[in-house]
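Structure data (PDB, C-alpha atoms, pLDDT in the B column) from input06.pdb:
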ATOM      1  CA  MET I  83     129.354 -86.690 175.955  1.00 96.00           C
ATOM      2  CA  MET I  84     128.070 -84.433 173.183  1.00 98.00           C
ATOM      3  CA  SER I  85     125.222 -82.121 174.169  1.00 98.00           C
ATOM      4  CA  GLY I  86     122.690 -80.022 172.329  1.00 98.00           C
ATOM      5  CA  ILE I  87     120.825 -76.902 173.394  1.00 98.00           C
ATOM      6  CA  LEU I  88     117.776 -75.649 171.517  1.00 98.00           C
ATOM      7  CA  LEU I  89     116.879 -72.099 172.509  1.00 97.00           C
ATOM      8  CA  ALA I  90     113.129 -71.512 172.362  1.00 95.00           C
ATOM      9  CA  ALA I  91     112.548 -68.945 175.104  1.00 93.00           C
ATOM     10  CA  GLY I  92     111.918 -65.755 173.133  1.00 84.00           C
ATOM     11  CA  ALA I  93     108.698 -63.776 173.282  1.00 78.00           C
ATOM     12  CA  SER I  94     108.225 -63.843 169.457  1.00 78.00           C
ATOM     13  CA  ARG I  95     107.101 -60.209 169.542  1.00 80.00           C
ATOM     14  CA  ARG I  96     107.945 -59.520 165.895  1.00 80.00           C
ATOM     15  CA  MET I  97     106.223 -62.713 164.754  1.00 87.00           C
ATOM     16  CA  GLY I  98     103.087 -62.071 166.821  1.00 76.00           C
ATOM     17  CA  THR I  99     102.673 -65.783 167.601  1.00 81.00           C
ATOM     18  CA  PRO I 100     105.037 -68.300 169.279  1.00 81.00           C
ATOM     19  CA  LYS I 101     107.757 -69.147 166.748  1.00 89.00           C
ATOM     20  CA  ALA I 102     108.304 -72.512 168.410  1.00 90.00           C
ATOM     21  CA  LEU I 103     104.798 -73.552 167.312  1.00 91.00           C
ATOM     22  CA  LEU I 104     104.982 -72.371 163.690  1.00 91.00           C
ATOM     23  CA  GLN I 105     104.537 -75.248 161.257  1.00 91.00           C
ATOM     24  CA  TYR I 106     106.644 -76.490 158.375  1.00 90.00           C
ATOM     25  CA  GLN I 107     106.070 -79.811 156.612  1.00 90.00           C
ATOM     26  CA  GLY I 108     103.682 -81.006 159.299  1.00 91.00           C
ATOM     27  CA  GLN I 109     105.976 -80.300 162.241  1.00 94.00           C
ATOM     28  CA  THR I 110     106.379 -77.361 164.558  1.00 94.00           C
ATOM     29  CA  PHE I 111     109.682 -75.506 164.470  1.00 95.00           C
ATOM     30  CA  LEU I 112     110.338 -76.903 167.946  1.00 96.00           C
ATOM     31  CA  GLU I 113     109.716 -80.489 166.816  1.00 96.00           C
ATOM     32  CA  ARG I 114     111.949 -79.996 163.765  1.00 96.00           C
ATOM     33  CA  GLY I 115     114.754 -78.591 165.887  1.00 97.00           C
ATOM     34  CA  CYS I 116     114.589 -81.475 168.343  1.00 98.00           C
ATOM     35  CA  ALA I 117     114.449 -84.041 165.532  1.00 97.00           C
ATOM     36  CA  ALA I 118     117.579 -82.579 163.893  1.00 98.00           C
ATOM     37  CA  PHE I 119     119.537 -82.872 167.143  1.00 98.00           C
ATOM     38  CA  LEU I 120     118.333 -86.398 167.896  1.00 98.00           C
ATOM     39  CA  THR I 121     118.974 -87.607 164.347  1.00 98.00           C
ATOM     40  CA  ALA I 122     122.471 -86.120 164.562  1.00 98.00           C
ATOM     41  CA  GLY I 123     123.150 -88.336 167.578  1.00 97.00           C
ATOM     42  CA  VAL I 124     123.615 -85.973 170.522  1.00 98.00           C
ATOM     43  CA  ASP I 125     123.812 -87.660 173.929  1.00 98.00           C
ATOM     44  CA  GLU I 126     121.486 -85.148 175.588  1.00 98.00           C
ATOM     45  CA  LEU I 127     119.282 -82.283 174.420  1.00 98.00           C
ATOM     46  CA  VAL I 128     118.249 -79.387 176.627  1.00 98.00           C
ATOM     47  CA  VAL I 129     115.328 -77.321 175.324  1.00 98.00           C
ATOM     48  CA  VAL I 130     115.189 -73.879 176.926  1.00 98.00           C
ATOM     49  CA  LEU I 131     111.675 -72.446 177.125  1.00 96.00           C
ATOM     50  CA  GLY I 132     110.688 -69.059 178.459  1.00 93.00           C
ATOM     51  CA  ALA I 133     108.068 -66.500 177.594  1.00 78.00           C
ATOM     52  CA  GLN I 134     105.463 -69.025 176.419  1.00 83.00           C
ATOM     53  CA  ALA I 135     106.762 -72.090 178.219  1.00 88.00           C
ATOM     54  CA  GLU I 136     103.455 -73.771 178.995  1.00 85.00           C
ATOM     55  CA  VAL I 137     102.212 -73.454 175.419  1.00 85.00           C
ATOM     56  CA  SER I 138     105.513 -74.486 173.829  1.00 90.00           C
ATOM     57  CA  ARG I 139     106.145 -77.432 176.172  1.00 91.00           C
ATOM     58  CA  ARG I 140     103.386 -79.405 174.417  1.00 88.00           C
ATOM     59  CA  ALA I 141     105.501 -79.495 171.238  1.00 90.00           C
ATOM     60  CA  VAL I 142     108.611 -80.910 172.950  1.00 94.00           C
ATOM     61  CA  PRO I 143     108.916 -84.597 172.051  1.00 92.00           C
ATOM     62  CA  VAL I 144     108.834 -87.106 174.880  1.00 93.00           C
ATOM     63  CA  HIS I 145     112.247 -88.737 174.558  1.00 96.00           C
ATOM     64  CA  PRO I 146     114.727 -90.064 177.138  1.00 97.00           C
ATOM     65  CA  LEU I 147     117.495 -87.747 175.881  1.00 97.00           C
ATOM     66  CA  VAL I 148     115.352 -84.581 175.879  1.00 98.00           C
ATOM     67  CA  ARG I 149     114.594 -82.403 178.862  1.00 96.00           C
ATOM     68  CA  THR I 150     113.165 -78.924 179.170  1.00 97.00           C
ATOM     69  CA  VAL I 151     114.223 -76.066 181.400  1.00 97.00           C
ATOM     70  CA  VAL I 152     112.531 -72.698 181.761  1.00 96.00           C
ATOM     71  CA  ASN I 153     114.339 -69.374 181.685  1.00 96.00           C
ATOM     72  CA  THR I 154     112.238 -67.143 183.936  1.00 94.00           C
ATOM     73  CA  ARG I 155     114.394 -64.188 182.840  1.00 92.00           C
ATOM     74  CA  SER I 156     114.058 -64.668 179.096  1.00 90.00           C
ATOM     75  CA  PHE I 157     113.306 -60.932 178.817  1.00 90.00           C
ATOM     76  CA  GLN I 158     117.045 -60.437 179.493  1.00 92.00           C
ATOM     77  CA  GLY I 159     117.858 -61.843 176.072  1.00 90.00           C
ATOM     78  CA  GLN I 160     119.217 -64.885 174.321  1.00 93.00           C
ATOM     79  CA  LEU I 161     122.399 -65.188 176.375  1.00 96.00           C
ATOM     80  CA  SER I 162     120.331 -65.527 179.559  1.00 96.00           C
ATOM     81  CA  SER I 163     118.650 -68.566 177.974  1.00 96.00           C
ATOM     82  CA  LEU I 164     121.981 -70.030 176.906  1.00 97.00           C
ATOM     83  CA  MET I 165     123.209 -69.644 180.490  1.00 97.00           C
ATOM     84  CA  VAL I 166     120.186 -71.588 181.779  1.00 98.00           C
ATOM     85  CA  GLY I 167     120.820 -74.275 179.149  1.00 98.00           C
ATOM     86  CA  ILE I 168     124.508 -74.619 180.041  1.00 98.00           C
ATOM     87  CA  GLY I 169     123.570 -74.839 183.704  1.00 97.00           C
ATOM     88  CA  ALA I 170     121.350 -77.820 182.886  1.00 98.00           C
ATOM     89  CA  LEU I 171     123.983 -79.820 180.988  1.00 98.00           C
ATOM     90  CA  SER I 172     125.385 -83.062 182.327  1.00 97.00           C
ATOM     91  CA  PRO I 173     128.716 -82.699 184.171  1.00 97.00           C
ATOM     92  CA  ALA I 174     130.101 -85.117 181.553  1.00 97.00           C
ATOM     93  CA  SER I 175     129.336 -82.743 178.656  1.00 98.00           C
ATOM     94  CA  GLU I 176     132.445 -82.252 176.460  1.00 98.00           C
ATOM     95  CA  ALA I 177     130.872 -79.773 174.085  1.00 98.00           C
ATOM     96  CA  VAL I 178     127.467 -78.390 173.178  1.00 98.00           C
ATOM     97  CA  VAL I 179     125.905 -77.579 169.827  1.00 98.00           C
ATOM     98  CA  VAL I 180     123.565 -74.601 170.188  1.00 98.00           C
ATOM     99  CA  ASN I 181     120.738 -73.867 167.754  1.00 98.00           C
ATOM    100  CA  LEU I 182     117.789 -71.485 167.777  1.00 96.00           C
ATOM    101  CA  VAL I 183     114.172 -72.519 167.329  1.00 96.00           C
ATOM    102  CA  ASP I 184     113.766 -69.823 164.678  1.00 94.00           C
ATOM    103  CA  HIS I 185     116.380 -71.581 162.487  1.00 95.00           C
ATOM    104  CA  PRO I 186     114.130 -74.558 161.644  1.00 95.00           C
ATOM    105  CA  LEU I 187     115.842 -75.476 158.376  1.00 96.00           C
ATOM    106  CA  VAL I 188     119.168 -76.483 159.947  1.00 97.00           C
ATOM    107  CA  THR I 189     119.714 -80.130 159.061  1.00 97.00           C
ATOM    108  CA  ALA I 190     120.839 -83.050 161.185  1.00 98.00           C
ATOM    109  CA  GLU I 191     123.778 -83.392 158.757  1.00 98.00           C
ATOM    110  CA  THR I 192     124.960 -79.900 159.706  1.00 98.00           C
ATOM    111  CA  ILE I 193     124.870 -80.723 163.416  1.00 98.00           C
ATOM    112  CA  LYS I 194     126.681 -84.017 162.704  1.00 98.00           C
ATOM    113  CA  ALA I 195     129.319 -82.153 160.683  1.00 98.00           C
ATOM    114  CA  LEU I 196     130.048 -79.775 163.575  1.00 98.00           C
ATOM    115  CA  ILE I 197     130.372 -82.696 165.985  1.00 98.00           C
ATOM    116  CA  ALA I 198     132.660 -84.562 163.572  1.00 98.00           C
ATOM    117  CA  ALA I 199     134.822 -81.446 163.087  1.00 98.00           C
ATOM    118  CA  PHE I 200     135.135 -81.066 166.849  1.00 98.00           C
ATOM    119  CA  ARG I 201     136.133 -84.706 167.285  1.00 97.00           C
ATOM    120  CA  GLU I 202     138.751 -84.264 164.566  1.00 97.00           C
ATOM    121  CA  MET I 203     140.107 -80.976 165.947  1.00 93.00           C
ATOM    122  CA  PRO I 204     138.674 -80.012 169.366  1.00 93.00           C
ATOM    123  CA  VAL I 205     139.032 -76.217 169.202  1.00 96.00           C
ATOM    124  CA  PRO I 206     136.946 -74.183 171.691  1.00 98.00           C
ATOM    125  CA  ILE I 207     134.390 -72.757 169.234  1.00 98.00           C
ATOM    126  CA  LEU I 208     133.097 -74.015 165.876  1.00 98.00           C
ATOM    127  CA  VAL I 209     130.729 -71.880 163.800  1.00 98.00           C
ATOM    128  CA  ALA I 210     128.673 -73.192 160.880  1.00 98.00           C
ATOM    129  CA  SER I 211     128.848 -71.074 157.741  1.00 97.00           C
ATOM    130  CA  TYR I 212     127.183 -71.077 154.340  1.00 97.00           C
ATOM    131  CA  ARG I 213     128.788 -69.354 151.361  1.00 96.00           C
ATOM    132  CA  GLY I 214     131.100 -67.351 153.566  1.00 95.00           C
ATOM    133  CA  ARG I 215     128.441 -66.163 156.018  1.00 96.00           C
ATOM    134  CA  ARG I 216     128.346 -67.372 159.611  1.00 96.00           C
ATOM    135  CA  GLY I 217     125.072 -68.521 161.112  1.00 96.00           C
ATOM    136  CA  HIS I 218     123.746 -71.238 163.409  1.00 96.00           C
ATOM    137  CA  PRO I 219     124.370 -73.707 164.922  1.00 98.00           C
ATOM    138  CA  VAL I 220     127.509 -72.974 166.944  1.00 98.00           C
ATOM    139  CA  LEU I 221     129.505 -75.534 168.931  1.00 98.00           C
ATOM    140  CA  PHE I 222     131.125 -74.518 172.217  1.00 98.00           C
ATOM    141  CA  SER I 223     133.576 -76.811 174.012  1.00 98.00           C
ATOM    142  CA  ARG I 224     133.344 -77.138 177.791  1.00 98.00           C
ATOM    143  CA  GLN I 225     136.507 -75.021 177.876  1.00 97.00           C
ATOM    144  CA  VAL I 226     134.369 -71.888 177.286  1.00 97.00           C
ATOM    145  CA  TYR I 227     131.282 -72.770 179.363  1.00 98.00           C
ATOM    146  CA  GLY I 228     132.562 -70.610 182.235  1.00 97.00           C
ATOM    147  CA  GLU I 229     133.141 -67.669 179.899  1.00 96.00           C
ATOM    148  CA  LEU I 230     129.615 -67.955 178.510  1.00 97.00           C
ATOM    149  CA  LEU I 231     128.185 -68.040 182.023  1.00 96.00           C
ATOM    150  CA  ALA I 232     130.143 -64.881 182.884  1.00 95.00           C
ATOM    151  CA  ALA I 233     129.580 -62.957 179.630  1.00 94.00           C
ATOM    152  CA  PRO I 234     127.760 -59.582 179.701  1.00 93.00           C
ATOM    153  CA  LEU I 235     124.069 -60.086 178.945  1.00 92.00           C
ATOM    154  CA  ASP I 236     123.958 -57.051 176.676  1.00 89.00           C
ATOM    155  CA  GLN I 237     126.721 -58.451 174.427  1.00 89.00           C
ATOM    156  CA  GLY I 238     125.562 -62.036 174.191  1.00 89.00           C
ATOM    157  CA  ALA I 239     127.632 -65.075 173.243  1.00 93.00           C
ATOM    158  CA  LYS I 240     129.288 -63.031 170.482  1.00 91.00           C
ATOM    159  CA  ALA I 241     131.479 -61.462 173.170  1.00 92.00           C
ATOM    160  CA  VAL I 242     132.986 -64.896 173.819  1.00 95.00           C
ATOM    161  CA  VAL I 243     133.231 -65.779 170.113  1.00 94.00           C
ATOM    162  CA  ARG I 244     135.018 -62.502 169.299  1.00 93.00           C
ATOM    163  CA  ARG I 245     137.383 -62.536 172.306  1.00 93.00           C
ATOM    164  CA  ASP I 246     140.078 -64.572 170.555  1.00 94.00           C
ATOM    165  CA  PRO I 247     139.649 -65.335 166.830  1.00 93.00           C
ATOM    166  CA  THR I 248     142.459 -67.909 166.969  1.00 95.00           C
ATOM    167  CA  ARG I 249     140.268 -70.310 168.934  1.00 96.00           C
ATOM    168  CA  VAL I 250     137.313 -70.090 166.532  1.00 97.00           C
ATOM    169  CA  ARG I 251     137.029 -72.366 163.514  1.00 97.00           C
ATOM    170  CA  GLU I 252     134.494 -71.718 160.787  1.00 97.00           C
ATOM    171  CA  ILE I 253     133.008 -74.851 159.233  1.00 97.00           C
ATOM    172  CA  PRO I 254     131.741 -74.218 155.673  1.00 97.00           C
ATOM    173  CA  LEU I 255     128.687 -76.384 154.980  1.00 97.00           C
ATOM    174  CA  ASP I 256     126.236 -76.778 152.127  1.00 95.00           C
ATOM    175  CA  ASP I 257     123.161 -75.955 154.204  1.00 95.00           C
ATOM    176  CA  PRO I 258     121.352 -72.665 153.471  1.00 95.00           C
ATOM    177  CA  GLY I 259     119.314 -73.313 156.633  1.00 94.00           C
ATOM    178  CA  ILE I 260     122.352 -72.046 158.567  1.00 96.00           C
ATOM    179  CA  LEU I 261     121.279 -68.509 157.575  1.00 96.00           C
ATOM    180  CA  ALA I 262     117.481 -68.981 157.576  1.00 93.00           C
ATOM    181  CA  ASP I 263     116.356 -66.862 160.536  1.00 91.00           C
ATOM    182  CA  ILE I 264     112.551 -66.725 160.768  1.00 92.00           C
ATOM    183  CA  ASP I 265     111.691 -63.688 162.890  1.00 89.00           C
ATOM    184  CA  THR I 266     108.698 -62.059 161.202  1.00 91.00           C
ATOM    185  CA  PRO I 267     105.601 -63.072 159.189  1.00 89.00           C
ATOM    186  CA  GLU I 268     107.479 -61.745 156.144  1.00 91.00           C
ATOM    187  CA  ASP I 269     110.405 -64.097 156.810  1.00 91.00           C
ATOM    188  CA  TYR I 270     107.987 -66.995 157.168  1.00 90.00           C
ATOM    189  CA  ALA I 271     106.279 -66.135 153.880  1.00 90.00           C
ATOM    190  CA  ARG I 272     109.632 -65.726 152.093  1.00 88.00           C
ATOM    191  CA  TYR I 273     110.942 -69.127 153.160  1.00 88.00           C
ATOM    192  CA  PHE I 274     107.759 -71.148 153.194  1.00 86.00           C
ATOM    193  CA  GLY I 275     105.613 -69.356 150.632  1.00 74.00           C
ATOM    194  CA  ARG I 276     102.750 -68.353 152.911  1.00 54.00           C
ATOM    195  CA  ALA I 277     102.146 -65.912 155.712  1.00 42.00           C
TER
END

Output the file's structure as structure tokens, nothing else.
Amino acid sequence: MMSGILLAAGASRRMGTPKALLQYQGQTFLERGCAAFLTAGVDELVVVLGAQAEVSRRAVPVHPLVRTVVNTRSFQGQLSSLMVGIGALSPASEAVVVNLVDHPLVTAETIKALIAAFREMPVPILVASYRGRRGHPVLFSRQVYGELLAAPLDQGAKAVVRRDPTRVREIPLDDPGILADIDTPEDYARYFGRA
């Protein structure tokens, strides 16, 4: 079983409004993220909400493969949300592709490519890259779920990624959305042409 986690639990302090509900091409960032995962063919998708859960939940599509969980400790950072997401995965999950709601330009093709690369060579960690720069999404095999659940909150998932470079494979893809991190009104204006 191939899983997906979409992290959408942040407080969006720098943006000043919930990033999950920002719009692009008639969809919220949250809707776009879910659509990319579902189009890519994941077997389950866990959406992790947090700081603005009740507001954001309205944008989560009603779909049999999608379920939401709430990280009540989202103030502890992104890794705390990933831990909640991993805890909600099916016991049959072989690997999980993790994306962030503030990376709304990541395509379904990119998620598919990570899954295909894992099926071809099931290394513990696959990282999407664009023009030599690593970004999101990242695929973690079930082999490292325990490490992610035990990682120090202040270091995040990077602590697990950096632990042993020999078990990490970078997947170069032609998707600039891998690097498109929308954190501030300025980022939004730069990528989408309006503040």

field: Contacts of stretch 125-136 of chain I within 8 Å, all atoms listed in the file, excl. fewer than 6 positions in-chain, as a PyMOL selection string
entry: chain I and resi 83-93+100+116+119+142+147-157+163-164+166-167+170-171

Write the residues of the selection above to a file with C-alpha atoms, as an mmCIF file, in the frame of the given file.
data_model
loop_
_atom_site.group_PDB
_atom_site.id
_atom_site.type_symbol
_atom_site.label_atom_id
_atom_site.label_comp_id
_atom_site.auth_asym_id
_atom_site.auth_seq_id
_atom_site.Cartn_x
_atom_site.Cartn_y
_atom_site.Cartn_z
ATOM 1 C CA MET I 83 129.354 -86.690 175.955
ATOM 2 C CA MET I 84 128.070 -84.433 173.183
ATOM 3 C CA SER I 85 125.222 -82.121 174.169
ATOM 4 C CA GLY I 86 122.690 -80.022 172.329
ATOM 5 C CA ILE I 87 120.825 -76.902 173.394
ATOM 6 C CA LEU I 88 117.776 -75.649 171.517
ATOM 7 C CA LEU I 89 116.879 -72.099 172.509
ATOM 8 C CA ALA I 90 113.129 -71.512 172.362
ATOM 9 C CA ALA I 91 112.548 -68.945 175.104
ATOM 10 C CA GLY I 92 111.918 -65.755 173.133
ATOM 11 C CA ALA I 93 108.698 -63.776 173.282
ATOM 12 C CA PRO I 100 105.037 -68.300 169.279
ATOM 13 C CA CYS I 116 114.589 -81.475 168.343
ATOM 14 C CA PHE I 119 119.537 -82.872 167.143
ATOM 15 C CA VAL I 142 108.611 -80.910 172.950
ATOM 16 C CA LEU I 147 117.495 -87.747 175.881
ATOM 17 C CA VAL I 148 115.352 -84.581 175.879
ATOM 18 C CA ARG I 149 114.594 -82.403 178.862
ATOM 19 C CA THR I 150 113.165 -78.924 179.170
ATOM 20 C CA VAL I 151 114.223 -76.066 181.400
ATOM 21 C CA VAL I 152 112.531 -72.698 181.761
ATOM 22 C CA ASN I 153 114.339 -69.374 181.685
ATOM 23 C CA THR I 154 112.238 -67.143 183.936
ATOM 24 C CA ARG I 155 114.394 -64.188 182.840
ATOM 25 C CA SER I 156 114.058 -64.668 179.096
ATOM 26 C CA PHE I 157 113.306 -60.932 178.817
ATOM 27 C CA SER I 163 118.650 -68.566 177.974
ATOM 28 C CA LEU I 164 121.981 -70.030 176.906
ATOM 29 C CA VAL I 166 120.186 -71.588 181.779
ATOM 30 C CA GLY I 167 120.820 -74.275 179.149
ATOM 31 C CA ALA I 170 121.350 -77.820 182.886
ATOM 32 C CA LEU I 171 123.983 -79.820 180.988
#

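Separating atom CA of I:Phe274 from atom CA of I:Gly217 is a distance of 19.2 Å.
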
task: Could you tell me how far atom CA of I:Thr121 lies from atom CA of I:Val209, in Å and to one decimal?
output: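 About the pair atom CA of I:Thr121 and atom CA of I:Val209: they are 19.6 Å apart.
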
message: What's the separation between atom CA of I:Glu229 and atom CA of I:Val205, in Å to one decimal place?
response: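 Value for the atom CA of I:Glu229-atom CA of I:Val205 distance: 14.9 Å.
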
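Minimum distance to I:Gln158 across I:Pro267, I:Arg215, I:Pro173, I:Asp236 (counting only C-alpha atoms) occurs at I:Asp236.
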
Can you tell me, as an mmCIF file with C-alpha atoms, in the frame of the given file, what residues are no more than 8 Å from I:Gly98 when counting all atoms listed in the file, ignoring any on the same chain fewer than 3 positions away?
data_model
loop_
_atom_site.group_PDB
_atom_site.id
_atom_site.type_symbol
_atom_site.label_atom_id
_atom_site.label_comp_id
_atom_site.auth_asym_id
_atom_site.auth_seq_id
_atom_site.Cartn_x
_atom_site.Cartn_y
_atom_site.Cartn_z
ATOM 1 C CA SER I 94 108.225 -63.843 169.457
ATOM 2 C CA ARG I 95 107.101 -60.209 169.542
ATOM 3 C CA THR I 266 108.698 -62.059 161.202
#

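By chain and then residue number, the residues within 8 Å of I:Ile253 are Leu196, Ala199, Leu208, Val209, Ala210 and Ser211 of chain I, counting all atoms listed in the file and disregarding those fewer than 6 positions away in sequence.
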